[in-house]
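Visitor: First the structure, which I've put down as C-alpha cells, then a few questions once you've had a look.
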Amino acid sequence: MVREIHHNSQEPNHKSKRVIQWAPIMTAGCLLAASPVFGNSEDPSQMPNMFKPQSSPAHSIFHLSLFVLAICAVIFVIVFSLLTYSVIKFRRRADDDGREPPPVYGSNQIELAWTVIPVLIVLVLFLATARVIHAIQQARKPPEAIEVIAIGHQFWWEFRYPALGVVTANELHVPSSDRSHPTPTFITLLSADTDHSFWVPRLAGKTDLIPNRVNQMWIDPNETGIFVGQCAQYCGTQHAKMLLRVYVDSPDQFQKWVQEQSKPAQVSESAKEGRRIFETTACINCHAVSGTVADGRFGPDLTHLMSRDTIASGAASNSSENLRLWIHDPDAIKPGSLMPAMNLNQRDLDAVTAYLETLR
Amino acid sequence: MASETIALTAAHDVPQPIGTVLHDWVVTVDHKKLGILYILYALVFLVIGGIEATIMRMQLIVPHNHFVSPQVFNRMFTMHGTTMIFFVTMPILFGFGNYLIPLMIGARDMAFPRLNAWSFWLTAFGGLLLYFSFIGGNGLYGAGNAPDVGWFAYAPLTATAFSPGHSTDFWTLGLLVSGFGSIGTAVNILATIVCLRCPGMTLSKMPLLAWLNLVMAAMVLLAISPLTAAQMMLSLDRFLGAHFFDTLAGGSAVLWMHFFWIFGHPEVYVLVIPAFAFASEIIPVFSRKPIFGYPVMVAATVCIGFVGFSVWAHHMFTVGMNSYANSFFTITTMVIGVPTGIKIFNWIATMWGGKIILKTPMLFCIAFLFQFLIAGLTGIMLSAAPFDWQLGNSYFVVAHFHYVIVGGILFTLFGAFYYWFPKMSGRMYNETLGKWHFWLFFIGFHLTFDFMHVPGLLGMPRRIYTYEPGRGWDVWNLICTIGVFFQIAGTLVFIGNLLWSYFNGKAAGNDPWDAWTLEWSTSSPPVEYNFAKIPVVKSRRPLWDIKHPEDPDWKYE
C-alpha cells in the first residue's frame, strides 16, 4: 500500500525556487528583523507572513506593528548600550587596588526620570493601539458584505453562506474587495466541539471559534490569490493538520463559483455502484451530498468535492490516489482524525473513489 | 554584637549509617534540608521536562517528520509545560526561599517547620501523581497514557467527551495536591518574614530577597486559589456530571480561561519575582556596591504584585472580547512594563561605578539583564491587542515566554546555584566548569529561542506536531533544534560541576564572596538552628557594618 501522500503537481515546488534571501540582521536594533519576514519570496501565497498584509485588518495591524517595533527598537538600543557600557567600563581590572568603590544608595531625581519617561511611552503606545482595536472591532458592515458562517470541527472547517445557499469545507472562497466599491466578507465564527482559531495572517489577525459563543471577524482582501493559514488554538490530536485556505476570487469568478456550488450533485451513470456503496455504508452518517439520501452533518459536505484542491482539511492534495488512501485509511494521512477507516474491499474502494470523483 | 553570630562550627564529622541519614532527610523539619529537598526534587523534574522538550524539538527538526506520533507529541507539550511550571520552577524557587529566608533575616527556622515539611511532601507527591498518569491514565493495560490537553487545559478538551479515561484526572489532582503544598509554603514564608526577623531588622532593612519573596508569597495565596477552585470545578464536571465547563451541556469554555489565567498570569510574576530577588542579591555583591534605589525596588515589586492581577485577559485577546475590554487589558499590560523597567534601570545603576567581578553567578545575572530586556520588549509587542491577534498562540509567543522563563528565571537560578552552592555544601564550585556551563547554555539558549521568534512571525502556530514544507519555517526550526544540544551540554556540565565540587571542591569558608547579608555570617553549611546567638542588625548590610566599622551603612541609610 502506498503510504506516501502525493502532493498535487500544480502546487509549485518552492524548495527549488525559493531563494533564501535573508541577511542575518541580528544586530542590536531588532532581533526580529530577519528579512524573510519583510523580503520578497517567489511564492507568497505559501508563506503566511503577517508582514505582507492583503486586507484592511491585516494592514492596520501591520502599520501598528511597525510603530510598536520602532519604539521597542529605540528602547532596546538605549538600554542595551547602557548595559554593555557599564559591564565593560566598570569591570574590575587586573590591576585593581582592592578598595571598595564608593557606595551610592539611590537618587530620587533619576528614579523619577526613569518612571515618568516610560509612563509617557506607554501612553503613546496605548493610544495608537486603542485606535487600531476600535477601527477593526467597530467596523460597520456594509449592505454589500458577503456573510459566511465558519464552524470549527475536529479537525476541519465548515463554511456556510446563508444568503447564497452554499455549503463547503476547508477552502473558503471570497470575492476581492474594491476600495471604491467594498465587498468585505464578514465571518461568524462558531464551534461544533472544542476551541479553534481562524488565522490567515495575511488577511487578518486570529479570532477563536468557541462552543456556545458567537464571534465575528471580517476581511476585505484587495488582490486575488490563495492565502493559507491554519487552526491556531489547540483543538485535539490533529490540530496540526487543520489547515485553512482562503481563495480570493475576482467578483466574476466568485459569482461563477457560487453558481456552481449552488447546484445539486451531478448524477452520473458510470459511478452507480460506488454511489450505492456510499449510500449503504456509514459514509452518509457524517457526509452530505445534496440531492441524495446522504445528509450527514458531522463531516464535510461532499456535493462538490472535486471543486476543491485539497482533502482532509488541506492535509493532502485532492488526487485520485490520495482520495483512495484517505477512504482506505485516514490515519495514513492524518493520524487521529475522526473519520474511521471504512474497511472496504479493493473493488468497493475503487468504486467509492470513482463515485466521489464524479462530484464536481 | 553581630560578631557573636559567627560561633557554631560544623559538628557532623561522625559518619552515620545510610539508613539513619535517609531517615533524617525524610522526617526532617529543618528549613535547610527541606530547601535542598525541594531543589533536588526540582532538578530531577528539570531533567525530565528537558527530555520532553528535546523530543518535541526532534520531531520539529524537519517538516512532515515521523519521530513521534501526534498523540505522543501532544502529551509531551502538555507534560513539559505542566512539569516546568509546577514541578520545576515553583519548587526550586520555594527551595531557595526556604533555605535562604530564615538565614537572611536571622531566624532559626521557618515559622511553621512541620507545615513546611507537609508542603514539600504534598508538592512531591503531586508531581508523582501527575507522572503516574503515564501508567495509570488509561488503566494499566492501556499503558502509555498521559494528559494531552495542553498545560492550560482549555475547556472543553478536558470534558469527558473529548478526554475519556483518567489522564486529565491525574493532571487535575496532581495540580490540586501540589497547589495545597504551594499555599502551605506561601503561608509559611509570609509568617516567617513578618514575625521572625531578628532584632533591628525593620521592614526597610530586610534584604531585598526577603521583600521580594514576601510579595511572591502573597501572590501565591491569591493566585493559587482560583486555580484550585477551577480544578475542583473540573473534577466535579468529570466525576459528578456538573456542567461548569462542559460546553455540550451548556457550560462555558471562556469561564475556564478566566479562572485559569487569573491564576496563570500572576503565576508568571510568582516565578519571576524570586528570580529578581536573586539578581538583587548577586548584582550588588559582584559590583561591590549596595543596591541602587532600595525603596524604589521594593515599591516597584509591590506595584508589579498589584498590577499583575489585572492583566490576565491579555491571554484572551483572541476570544472575542469587546473593544473596551481589549483596550483595558492592553493598558494594564503595558503599564506593568514601567515597574519592570525601573528594576532593570536600578540594576544597571547598581553596576554603574562599581567594580564588576565577572564570576559565574554574575555572568548569569548579566545575561539575565540582556535577556529580560528582550523578553520585556516582546511582551510590549504582545500587549498591543491587535498585534497579539497575529502573534498570539504562535511560535513568537513560545519564544517570548521561554525568554522570560529560561532567559530570565533559569539564568538567575543558575546564578543563584553558583552563588549559594558554597554556603549549602561548604565547598567551592569549579569556576572553569561554571564558565563552560555559562557559555554553552548561553549559546544554546540564543540559538533556540532567538530564532524561534521568526517562524511565529511567519504564521507558525504553537502545539503543532508537524508542519507543511515551503512556508518558510524549515530553516528556523532546524536552528532551534540545534540549540537544544548546546543547552543539554551546558546542563550536563552544570550537573557534573555540582557533583564534582560537592565531593572534591575546595573548602569555601563562611564568606567566600565577601558579601553583606546574614547567611554569610554563619558556618558553611550552616548548622541546625543557624545561629548560636540571634544576630542584631542596624542596616541592610550587617556584614558590611562589621567589616567596615569606620564607615558603617547605618550612618547613611
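Residue numbers start at 1 in each chain; chains themselves are named A, B, ... in the order of the C-alpha cells; ligands are numbered from 1 in the order shown.
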Please report, as a VMD selection string, each residue of region 44-232 of chain A to which DSSP assigns alpha helix (DSSP H) when run on this structure's backbone.

Guide: chain A and resid 56 to 89 108 to 137

Visitor: For the residues selected in the previous step, produce a file with C-alpha atoms as a PDB file, in the first residue's frame.

Guide:
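Below is the file selection07.pdb, written as the result:
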```pdb
ATOM      1  CA  SER A  56      -7.590  46.037   5.818  1.00  0.00           C
ATOM      2  CA  PRO A  57      -7.449  44.410   9.278  1.00  0.00           C
ATOM      3  CA  ALA A  58      -4.056  42.891   8.478  1.00  0.00           C
ATOM      4  CA  HIS A  59      -2.916  46.247   7.056  1.00  0.00           C
ATOM      5  CA  SER A  60      -3.791  48.221  10.133  1.00  0.00           C
ATOM      6  CA  ILE A  61      -2.149  45.618  12.362  1.00  0.00           C
ATOM      7  CA  PHE A  62       0.924  45.782  10.130  1.00  0.00           C
ATOM      8  CA  HIS A  63       1.187  49.563  10.491  1.00  0.00           C
ATOM      9  CA  LEU A  64       0.673  49.372  14.241  1.00  0.00           C
ATOM     10  CA  SER A  65       3.298  46.653  14.489  1.00  0.00           C
ATOM     11  CA  LEU A  66       5.854  48.797  12.680  1.00  0.00           C
ATOM     12  CA  PHE A  67       5.193  51.615  15.138  1.00  0.00           C
ATOM     13  CA  VAL A  68       5.485  49.294  18.153  1.00  0.00           C
ATOM     14  CA  LEU A  69       8.606  47.659  16.711  1.00  0.00           C
ATOM     15  CA  ALA A  70      10.208  51.057  16.144  1.00  0.00           C
ATOM     16  CA  ILE A  71       9.605  52.182  19.736  1.00  0.00           C
ATOM     17  CA  CYS A  72      10.825  48.845  21.097  1.00  0.00           C
ATOM     18  CA  ALA A  73      13.914  49.053  18.897  1.00  0.00           C
ATOM     19  CA  VAL A  74      14.778  52.508  20.264  1.00  0.00           C
ATOM     20  CA  ILE A  75      14.330  51.328  23.861  1.00  0.00           C
ATOM     21  CA  PHE A  76      16.393  48.242  23.079  1.00  0.00           C
ATOM     22  CA  VAL A  77      19.277  50.218  21.620  1.00  0.00           C
ATOM     23  CA  ILE A  78      19.393  52.629  24.563  1.00  0.00           C
ATOM     24  CA  VAL A  79      19.187  50.045  27.349  1.00  0.00           C
ATOM     25  CA  PHE A  80      21.416  47.563  25.544  1.00  0.00           C
ATOM     26  CA  SER A  81      24.092  50.243  25.126  1.00  0.00           C
ATOM     27  CA  LEU A  82      23.839  51.324  28.763  1.00  0.00           C
ATOM     28  CA  LEU A  83      24.166  47.725  29.931  1.00  0.00           C
ATOM     29  CA  THR A  84      27.059  46.898  27.639  1.00  0.00           C
ATOM     30  CA  TYR A  85      28.837  50.117  28.519  1.00  0.00           C
ATOM     31  CA  SER A  86      28.508  49.575  32.257  1.00  0.00           C
ATOM     32  CA  VAL A  87      29.663  45.949  32.093  1.00  0.00           C
ATOM     33  CA  ILE A  88      32.737  46.875  30.059  1.00  0.00           C
ATOM     34  CA  LYS A  89      33.564  50.196  31.685  1.00  0.00           C
ATOM     35  CA  ASN A 108      15.178  60.395  43.621  1.00  0.00           C
ATOM     36  CA  GLN A 109      15.650  62.578  40.529  1.00  0.00           C
ATOM     37  CA  ILE A 110      16.956  59.700  38.467  1.00  0.00           C
ATOM     38  CA  GLU A 111      14.240  57.358  39.698  1.00  0.00           C
ATOM     39  CA  LEU A 112      11.623  59.950  38.809  1.00  0.00           C
ATOM     40  CA  ALA A 113      13.065  60.338  35.326  1.00  0.00           C
ATOM     41  CA  TRP A 114      13.007  56.655  34.516  1.00  0.00           C
ATOM     42  CA  THR A 115       9.496  56.379  35.852  1.00  0.00           C
ATOM     43  CA  VAL A 116       7.961  59.324  34.017  1.00  0.00           C
ATOM     44  CA  ILE A 117       9.531  58.678  30.623  1.00  0.00           C
ATOM     45  CA  PRO A 118       8.292  55.061  30.396  1.00  0.00           C
ATOM     46  CA  VAL A 119       4.831  56.184  31.522  1.00  0.00           C
ATOM     47  CA  LEU A 120       4.730  58.661  28.629  1.00  0.00           C
ATOM     48  CA  ILE A 121       5.884  55.972  26.186  1.00  0.00           C
ATOM     49  CA  VAL A 122       3.170  53.631  27.450  1.00  0.00           C
ATOM     50  CA  LEU A 123       0.575  56.350  26.974  1.00  0.00           C
ATOM     51  CA  VAL A 124       1.576  56.900  23.353  1.00  0.00           C
ATOM     52  CA  LEU A 125       1.667  53.175  22.641  1.00  0.00           C
ATOM     53  CA  PHE A 126      -1.721  52.685  24.237  1.00  0.00           C
ATOM     54  CA  LEU A 127      -3.412  55.449  22.239  1.00  0.00           C
ATOM     55  CA  ALA A 128      -2.021  54.119  18.969  1.00  0.00           C
ATOM     56  CA  THR A 129      -3.151  50.611  19.894  1.00  0.00           C
ATOM     57  CA  ALA A 130      -6.625  51.595  21.059  1.00  0.00           C
ATOM     58  CA  ARG A 131      -7.236  53.328  17.739  1.00  0.00           C
ATOM     59  CA  VAL A 132      -6.496  50.144  15.817  1.00  0.00           C
ATOM     60  CA  ILE A 133      -8.542  47.981  18.200  1.00  0.00           C
ATOM     61  CA  HIS A 134     -11.579  50.168  17.640  1.00  0.00           C
ATOM     62  CA  ALA A 135     -11.046  50.559  13.905  1.00  0.00           C
ATOM     63  CA  ILE A 136     -11.049  46.792  13.449  1.00  0.00           C
ATOM     64  CA  GLN A 137     -13.641  45.752  16.003  1.00  0.00           C
TER      65      GLN A 137
END
```

Visitor: Using only C-alpha atoms and a distance of at most 6 Å, pull out the residues of chain A that contact chain B, as a PyMOL selection string.

Guide: chain A and resi 14+46-49+61+72+86+90-92+101+103+105-106+118+126+129-130+134+194+205-208+215+232+237+240

Visitor: Please compute the CA of Leu203 (chain B)-CA of Trp520 (chain B) distance, one decimal, in Å.

Guide: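 The value is 20.2 Å.
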
Visitor: Using CA of Phe438 (chain B) and CA of Thr360 (chain B) as the two end points, give the distance in Å to one decimal.

Guide: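 Between these atoms lies a distance of 7.1 Å.
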
Visitor: Quick one: residues within 12 Å of Arg347 (chain A), only C-alpha atoms, excluding same-chain residues fewer than 3 positions away - as a list in words?

Guide: Glu273, Gly274, Ile277, Arg324, His328, Asn343, Leu344, Asp350, Ala351, Val352, Thr353 and Ala354 of chain A

Visitor: Rounded to one decimal place, report the CA of Thr160 (chain B)-CA of Cys235 (chain A) distance in Å.

Guide: 14.6 Å

Visitor: Neighbours of region 29-44 of chain B within 9 Å (only C-alpha atoms; same-chain residues fewer than 2 positions away dropped), as a ChimeraX atom specification?

Guide: /B:25-27,46-49,84,87-100,102,108-110,112-118,120,123-124,424,526,528-529

Visitor: Create the file for the chosen residues now, containing C-alpha atoms and written as a CSV table (one decimal), in the first residue's frame.

Guide:
```
chain,number,residue,atom,x,y,z
B,25,TRP,CA,16.1,13.5,55.4
B,26,VAL,CA,12.6,12.0,55.2
B,27,VAL,CA,11.4,13.2,58.6
B,46,LEU,CA,14.1,19.7,35.2
B,47,VAL,CA,15.8,16.8,33.5
B,48,ILE,CA,12.5,15.0,32.8
B,49,GLY,CA,11.0,18.2,31.4
B,84,MET,CA,8.4,23.0,34.1
B,87,PHE,CA,7.3,20.9,39.4
B,88,VAL,CA,10.5,22.6,38.4
B,89,THR,CA,10.3,26.4,38.7
B,90,MET,CA,7.9,26.7,41.6
B,91,PRO,CA,9.6,24.1,43.8
B,92,ILE,CA,13.1,25.2,43.0
B,93,LEU,CA,12.2,28.8,43.9
B,94,PHE,CA,10.4,27.6,47.1
B,95,GLY,CA,13.6,25.6,47.8
B,96,PHE,CA,15.8,28.6,47.7
B,97,GLY,CA,13.3,30.7,49.6
B,98,ASN,CA,13.1,28.1,52.3
B,99,TYR,CA,16.8,27.8,52.6
B,100,LEU,CA,17.7,31.4,52.4
B,102,PRO,CA,15.5,32.3,57.7
B,108,ARG,CA,16.5,29.8,63.4
B,109,ASP,CA,13.9,28.2,61.1
B,110,MET,CA,10.7,28.9,59.3
B,112,PHE,CA,5.9,26.6,60.9
B,113,PRO,CA,8.5,23.8,60.4
B,114,ARG,CA,6.0,21.0,60.3
B,115,LEU,CA,3.8,22.8,57.8
B,116,ASN,CA,7.0,23.3,55.8
B,117,ALA,CA,7.6,19.5,55.6
B,118,TRP,CA,4.0,18.8,54.9
B,120,PHE,CA,7.1,19.8,50.5
B,123,THR,CA,4.3,19.0,46.2
B,124,ALA,CA,6.5,16.0,45.8
B,424,MET,CA,24.9,25.0,51.1
B,526,PRO,CA,25.0,26.3,58.4
B,528,GLU,CA,20.9,23.3,62.7
B,529,TYR,CA,19.2,26.4,64.0
```

Visitor: So, with only C-alpha atoms as the atoms that count, which of B:Met104, B:Ala230, B:Leu492, B:Ala146 lies closest to Glu519 (chain B)?

Guide: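 Closest to Glu519 (chain B) of all the choices is B:Met104.
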
Visitor: Any idea what's packed within 8 Å of region 243-257 of chain A, counting only C-alpha atoms, ignoring anything in its chain fewer than 3 positions away? Could you give it as a list in words?

Guide: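 Those residues are Trp156, Trp157, Asn170, Glu171, Leu172, His173, Val174, Pro175, Ser176, Val200, Pro221, Glu223, Thr224, Gly225, Ile226, Phe227, Val228, Gly229, Gln230, Cys231, Ala240, Glu260, Gln261, Ser313, Gly314 and Ala315 of chain A.
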
Visitor: With C-alpha atoms retained, could you export that selection as a JSON list (two decimals), in the first residue's frame?

Guide:
```json
[["chain", "number", "residue", "atom", "x", "y", "z"],
["A", 156, "TRP", "CA", -11.74, 20.66, 9.66],
["A", 157, "TRP", "CA", -13.64, 23.83, 8.74],
["A", 170, "ASN", "CA", -11.84, 23.87, 4.32],
["A", 171, "GLU", "CA", -11.42, 26.15, 1.32],
["A", 172, "LEU", "CA", -13.13, 29.47, 1.84],
["A", 173, "HIS", "CA", -13.97, 31.43, -1.31],
["A", 174, "VAL", "CA", -14.45, 35.17, -1.02],
["A", 175, "PRO", "CA", -14.63, 37.94, -3.63],
["A", 176, "SER", "CA", -11.88, 40.51, -3.81],
["A", 200, "VAL", "CA", -4.92, 33.61, 7.93],
["A", 221, "PRO", "CA", -8.78, 41.26, 0.52],
["A", 223, "GLU", "CA", -5.98, 41.08, -4.55],
["A", 224, "THR", "CA", -6.94, 37.70, -5.86],
["A", 225, "GLY", "CA", -4.96, 34.63, -4.87],
["A", 226, "ILE", "CA", -4.75, 31.81, -2.39],
["A", 227, "PHE", "CA", -3.95, 32.66, 1.21],
["A", 228, "VAL", "CA", -3.02, 29.93, 3.65],
["A", 229, "GLY", "CA", -3.43, 29.70, 7.36],
["A", 230, "GLN", "CA", -4.38, 27.12, 9.92],
["A", 231, "CYS", "CA", -6.13, 26.49, 13.20],
["A", 240, "ALA", "CA", -1.56, 20.43, 13.28],
["A", 260, "GLU", "CA", -21.55, 26.01, -9.47],
["A", 261, "GLN", "CA", -21.73, 25.36, -5.73],
["A", 313, "SER", "CA", -8.56, 19.95, 5.59],
["A", 314, "GLY", "CA", -5.55, 20.66, 3.44],
["A", 315, "ALA", "CA", -3.52, 17.70, 4.67]]
```

Visitor: Pick the closest to Thr491 (chain B) from B:Ala277, B:Ala375, B:Leu440, B:Ala223: which is it, counting only C-alpha atoms?

Guide: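 Answer, going by the shortest atom-to-atom distance: B:Leu440.
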
Visitor: With only C-alpha atoms as the counted atoms, please give the residues lying no more than 9 Å from Met342 (chain A), apart from itself and same-chain residues fewer than 5 positions off, as a ChimeraX atom specification.

Guide: /A:281-283,327-329
